[in-house]
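Note sheet for the following structure.
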Amino acid sequence: MDLNNTKLDLGNNIINQLKNFQQKFKIIQKEYITTAEMNILDNNCEYYGISKRMLMENAGIQAYNEVINHEKQVENTTYAEIYLFCGKGNNGGDGFVLARHLSNPHRVNVVLLNDEDEIKTQESKENFDIINNIYKFGNINIYNLKKDFEQLFLNISYKLDTIANEDECKKKILFVDAMLGTGISGNLRYPYDKCIESLNLLKNNVNYNNYIDIISLDTETKGLISDKIITFHNYKDEYNEDNFNNLNSSEKSNNKNKTILKEIGIPDYINYLIGIGELKSLSKTETDSHKGNNGRTLVIGGSKDYYGAPIFSAVAASKIVDVVTVATVIPVAIALKNYPELMIKEFKGEYFNKHHVEELASISKNYDSIVLGCGIGLNPNTKEFLEKYLNKILSEKESMPKLIIDADAIKLINPLDSDDLNKNLNEKNKELYIKLFTDKNIIFTPHKGEFEYIKPILKELSDIYQSNIVLKGKIDIVFNKNNIKLNMTGNAGMTIGGTGDILAGLIAGFSAKNDPYVSACAGVFINGLAGDYLNKQIGYNYNSRDILNVMPKILHNYLDF
Ligand SMILES: NC(=O)C1=CN([C@@H]2O[C@H](COP(=O)(O)OP(=O)(O)OC[C@H]3O[C@@H](n4cnc5c(N)ncnc54)[C@H](O)[C@@H]3O)[C@@H](O)[C@H]2O)[C@@H](O)CC1
Ligand SMILES: [K+]
């Protein structure tokens with residue numbers, strides 16, 4: 001099964017192939033999505049044309065359907081009043097959409113937790129404006145909680161008393177929690193904290209309890225006890241991490257039982273596509289930074305046979321981090337004199353060998369990320385060097401930089417005792433490749449041929465591998481034990497020499513200060529984007545140096561680096 005033999009028509013056959021790939025390498029996707037991943041998905045939806053405005057409308061309609069179902073749950077119960085507590089983020093935006101749909105025929109009270117001019121996003125503002133335009137005609141009241149707090153909760157208690165007294169008519173009041181969703185950070189600020197307190201008080205009041213329903217949109221705002229959570233797209237329990245983990249098992253299952261998951265128009269395959277989201281999630285260059293703050297990368301590579309590879313890799317990394325050192329052997333170091341932006345650490349000899357291990361291992365811990373392998377060659381001394389070097393730095397776990405293992409290094413560390421790739425893995429350096437493949441800070445960047453050296457190891461360690469693999473090809477596959485994504489950028493022009501070295505350098509640059517998996521995704525994406533940009537300008541007449549030259553422009557276009 002090979003994703004790269006697909007015809008241009010991607011269709012769902014690529015998803016089936018992806019599923020086969022997942023099975024083959026026992027990639028188990030998590031059942032829920034984290035906030036960071038949701039934000040990446042948001043931006044990727046936008047990148048592929050599914051706007052946040054569309055998603056918000058879908059969320060609001062899905063919530064509307066659920067509210068109506070919930071209302072009907074008890075025989076001829078109706079919501080005499082609905083209060084939607086709306087925050088200033090997009091969770092609040094969902095509330096505005098829901099209010100619009102509920103306002104006919106329900107009586108709807110939109111309660112702003114912040115002032116109108118604090119509403120954060122365009123899509124949320126637009127949905128509030130609609131409410132503002134029609135509320136005179138619809139059954140809609142608008143409150144500003146900071147101004148109306150006392151009066152509002154007095155009104156609510158009065159209405160609850162009235163309903164409680166007319167018991168026979170089965171009326172209820174619905175509170176919708178559209179205060180905070182996945183954008184919550186830290187402890188609740190006023191008036192969110194007081195609002196939650198007041199709602200919980202009302203809910204716990206025996207005189208009112210039967211006449212109140214509380215429904216949370218997307219996530220339960222911290223501290224609120226709601227009857228139902230309508231969450232969108234993937235179930236998010238990472239958001240509830242603080243109180244989710246504190247919940248005991250029965251509460252946890254209750255949390256899940258009261259959560260209903262609604263799809264909002266994000267097609268499943270978008271989860272598998274790399275887009276602008278990964279790039280945007282990377283930490284930005286700190287403005288008031290001093291040298292080294294924005295990452296330090298070490299490139300270990302080069303040999304008598306290849307001197308260009310480590311340079312391509314190092315120059316690529318230098319577009320992202322502010323300190324790049326090339327550790328290489330003398331024939332390459334001479335060529336590096338023309339690259340003043342790079343620091344050089346020179347080692348005697350024409351190939352790396354075991355005498356270089358001590359010194360190189362000791363300087364390695366001063367770096368945030370390391371590229372290992374570009375142009376390093378297949379000399380037997382180098383194989384011995386790699387095994388000793390890797391064993392040494394992998395034994396010092398605490399200061400382990402992110403490690404990108406590329407090109408010949410992938411071949412050299414292969415634990416097979418012969419070139420016959422189907423032979424069993426030999427015991428000789430088994431503990432080395434177990435260390436290598438169970439470290440989530442390690443990223444392998446094989447092309448198809450080099451992947452043959454990795455496959456048998458992944459098979460044997462299929463239950464425990466944690467490292468990241470970038471399987472380069474027409475469609476790049478970036479995966480680890482719990483994630484798999486495809487990269488669609490790039491074109492046939494990218495097969496020129498050096499693009500793999502550039503990719504390794506970009507991933508090292510990104511991963512110096514960011515999550516290794518996301519950095520690997522961002523690396524293949526931006527590398528292909530640069531190639532596509534050049535392809536549009538000059539067809540296939542570009543080389544790796546051209547890619548390096550346009551990289552700052554591409555990075556700037558897509559990132560506020
Ligand atoms: N991700 C998606 O695909 C979709 C997301 N949608 C909604 O968008 C939400 C995420 O929107 P946002 O990222 O704007 O985040 P939120 O809507 O959760 O709001 C975040 C804002 O609330 C404020 N805030 C954060 N923590 C606070 C605290 N402790 N006390 C007081 N104020 C606090 C901050 O100013 C922040 O800007 C989701 O939960 C979901 O409801 C929907 O529109 C559907 C589509
Ligand atoms: K909420």
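We name chains A, B, ... following the order of the structure tokens; residues begin at 1 in each chain, and ligands are numbered from 1 as shown.
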
Within 8 Å of ligand 1: each chain A residue with its shortest pair, only C-alpha atoms and all ligand atoms, as CSV:
residue,atom,partner,partner_atom_place_in_ligand_line,distance
A:Met38,CA,ligand 1,1 (N),5.5
A:Asn39,CA,ligand 1,1 (N),6.1
A:Leu41,CA,ligand 1,3 (O),6.8
A:Asp42,CA,ligand 1,3 (O),4.8
A:Cys45,CA,ligand 1,3 (O),7.8
A:Lys52,CA,ligand 1,45 (C),6.1
A:Arg53,CA,ligand 1,43 (O),7.1
A:Leu55,CA,ligand 1,45 (C),4.6
A:Met56,CA,ligand 1,43 (O),3.6
A:Glu57,CA,ligand 1,43 (O),7.3
A:Asn58,CA,ligand 1,44 (C),7.2
A:Ala59,CA,ligand 1,44 (C),5.2
A:Gly60,CA,ligand 1,43 (O),7.9
A:Gly87,CA,ligand 1,22 (O),6.2
A:Lys88,CA,ligand 1,22 (O),5.6
A:Gly89,CA,ligand 1,14 (O),3.4
A:Asn90,CA,ligand 1,11 (O),3.8
A:Asn91,CA,ligand 1,41 (O),3.5
A:Gly92,CA,ligand 1,17 (O),5.7
A:Gly93,CA,ligand 1,43 (O),6.4
A:Asp94,CA,ligand 1,43 (O),5.4
A:Lys120,CA,ligand 1,37 (O),6.5
A:Thr121,CA,ligand 1,14 (O),7.2
A:Ala178,CA,ligand 1,41 (O),7.2
A:Met179,CA,ligand 1,17 (O),6.8
A:Leu180,CA,ligand 1,18 (O),3.8
A:Gly181,CA,ligand 1,39 (O),3.2
A:Thr182,CA,ligand 1,39 (O),4.1
A:Gly183,CA,ligand 1,15 (O),3.1
A:Ile184,CA,ligand 1,26 (N),3.4
A:Ser185,CA,ligand 1,26 (N),3.9
A:Gly186,CA,ligand 1,29 (N),4.6
A:Asn187,CA,ligand 1,29 (N),4.4
A:Leu188,CA,ligand 1,30 (N),3.7
A:Arg189,CA,ligand 1,30 (N),4.0
A:Tyr190,CA,ligand 1,31 (C),6.8
A:Pro191,CA,ligand 1,31 (C),7.7
A:Tyr192,CA,ligand 1,31 (C),6.0
A:Asp193,CA,ligand 1,30 (N),7.6
A:Leu217,CA,ligand 1,41 (O),6.0
A:Asp218,CA,ligand 1,41 (O),4.8
A:Thr219,CA,ligand 1,39 (O),6.3
A:Thr231,CA,ligand 1,41 (O),7.7
A:Phe232,CA,ligand 1,44 (C),6.4
A:His233,CA,ligand 1,3 (O),7.1
A:Ile264,CA,ligand 1,44 (C),7.0
A:Ile266,CA,ligand 1,3 (O),7.7

From the DSSP assignment of the backbone, select every residue of region 272-458 of chain A that is alpha helix (DSSP H), and format the answer as a PyMOL selection string. chain A and resi 276-280+308-318+330-336+357-364+380-395+408-412+430-437+448-458

Of A:Gln17, A:Thr489, A:Thr445, A:Ser226, the one nearest to ligand 2 when counting only C-alpha atoms and all ligand atoms is A:Ser226

6 Å contact set for Arg107 (chain A), only C-alpha atoms, chain neighbours under 2 positions out, as JSON, numbers by chain: {"A": [81, 103, 139]}

Close residues, Tyr453 (chain A) itself excluded, 8 Å, only C-alpha atoms, min 2 positions apart in chain, as number ranges by chain: A: 410-411, 414, 421, 449-451, 455-457

So, counting only C-alpha atoms, which residue among A:Ile434, A:Cys521, A:Leu403, A:Ile163 is closest to Ile464 (chain A)? A:Ile434

Selection: 8 Å around Ala520 (chain A), only C-alpha atoms, excl. self and same-chain fewer than 4 positions, as a PyMOL selection string: chain A and resi 443+470+478+507+510-511+516+524

Which is closest to Tyr79 (chain A) among A:Leu174, A:Ile276, A:Val357, A:Val206, if we use only C-alpha atoms? A:Leu174

So that I can see what lies close to Leu201 (chain A), please list as number ranges by chain the residues with an atom at most 12 Å from it, counting only C-alpha atoms and leaving out residues fewer than 4 positions away in the same chain. A: 153, 157, 194-197, 205-209, 212, 223-225

Based on the selection just made, write N, CA and C atoms of those residues as a tab-separated table (two decimals), in the first residue's frame.
chain	number	residue	atom	x	y	z
A	153	PHE	N	-30.85	38.95	37.93
A	153	PHE	CA	-31.08	37.74	38.74
A	153	PHE	C	-32.33	37.90	39.62
A	157	SER	N	-35.33	35.18	39.50
A	157	SER	CA	-35.93	34.57	40.70
A	157	SER	C	-37.44	34.81	40.69
A	194	LYS	N	-18.93	35.32	39.24
A	194	LYS	CA	-20.17	35.58	39.98
A	194	LYS	C	-21.37	34.97	39.27
A	195	CYS	N	-21.31	34.99	37.95
A	195	CYS	CA	-22.45	34.46	37.17
A	195	CYS	C	-22.58	32.96	37.42
A	196	ILE	N	-21.44	32.26	37.40
A	196	ILE	CA	-21.46	30.80	37.62
A	196	ILE	C	-22.01	30.51	39.02
A	197	GLU	N	-21.54	31.32	40.00
A	197	GLU	CA	-21.99	31.13	41.38
A	197	GLU	C	-23.51	31.26	41.46
A	205	ASN	N	-31.14	25.31	44.43
A	205	ASN	CA	-32.23	25.73	45.33
A	205	ASN	C	-33.41	24.78	45.13
A	206	VAL	N	-33.78	24.04	46.19
A	206	VAL	CA	-34.80	22.99	46.02
A	206	VAL	C	-36.10	23.55	45.45
A	207	ASN	N	-36.40	24.84	45.73
A	207	ASN	CA	-37.68	25.37	45.21
A	207	ASN	C	-37.62	25.56	43.70
A	208	TYR	N	-36.40	25.70	43.18
A	208	TYR	CA	-36.32	26.03	41.76
A	208	TYR	C	-35.80	24.86	40.91
A	209	ASN	N	-35.13	23.93	41.55
A	209	ASN	CA	-34.36	22.92	40.81
A	209	ASN	C	-35.16	22.27	39.68
A	212	ILE	N	-35.46	24.39	36.27
A	212	ILE	CA	-34.26	24.97	35.59
A	212	ILE	C	-33.54	23.87	34.81
A	223	GLY	N	-16.52	25.28	36.64
A	223	GLY	CA	-17.24	25.53	37.89
A	223	GLY	C	-18.74	25.40	37.74
A	224	LEU	N	-19.23	25.47	36.51
A	224	LEU	CA	-20.69	25.37	36.31
A	224	LEU	C	-21.09	23.90	36.30
A	225	ILE	N	-22.23	23.59	36.92
A	225	ILE	CA	-22.75	22.21	36.83
A	225	ILE	C	-23.94	22.26	35.88

Non-local contacts of Phe444 (chain A) (6 Å; only C-alpha atoms; under 4 positions in same chain excluded) as an mmCIF file with N, CA and C atoms, in the first residue's frame:
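After the write, around.cif holds the following:
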data_model
loop_
_atom_site.group_PDB
_atom_site.id
_atom_site.type_symbol
_atom_site.label_atom_id
_atom_site.label_comp_id
_atom_site.auth_asym_id
_atom_site.auth_seq_id
_atom_site.Cartn_x
_atom_site.Cartn_y
_atom_site.Cartn_z
ATOM 1 N N ILE A 404 16.571 15.502 14.801
ATOM 2 C CA ILE A 404 16.054 15.163 13.475
ATOM 3 C C ILE A 404 17.062 14.245 12.819
ATOM 4 N N ILE A 405 16.681 13.004 12.533
ATOM 5 C CA ILE A 405 17.607 12.018 11.954
ATOM 6 C C ILE A 405 17.244 11.847 10.487
ATOM 7 N N ILE A 469 7.716 10.247 12.435
ATOM 8 C CA ILE A 469 8.294 9.886 11.135
ATOM 9 C C ILE A 469 7.703 10.771 10.050
#

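If you measure from each of A:Val176, A:Leu534, A:Val74, A:Ile14 to ligand 2 using only C-alpha atoms and all ligand atoms, the closest one turns out to be A:Val176.
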
Using only C-alpha atoms for the distances, tell me which of A:Gly301, A:Gly500, A:Lys222, A:Asp115 is nearest to Lys146 (chain A). A:Asp115

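Shortest separation to ligand 2 among A:Ile28, A:Asn127, A:Glu220, A:Ile229 occurs at residue A:Glu220, atoms counted being only C-alpha atoms and all ligand atoms.
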
Per-residue DSSP, region 133-360 of chain A, filtered to strand (DSSP E or B), as number ranges by chain: A: 140-144, 171-178, 212-217, 228-232, 235, 259-262, 273, 296-300, 323-329, 343-347

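The coordinates place CA of Lys472 (chain A) at 18.7 Å from CA of Asn535 (chain A).
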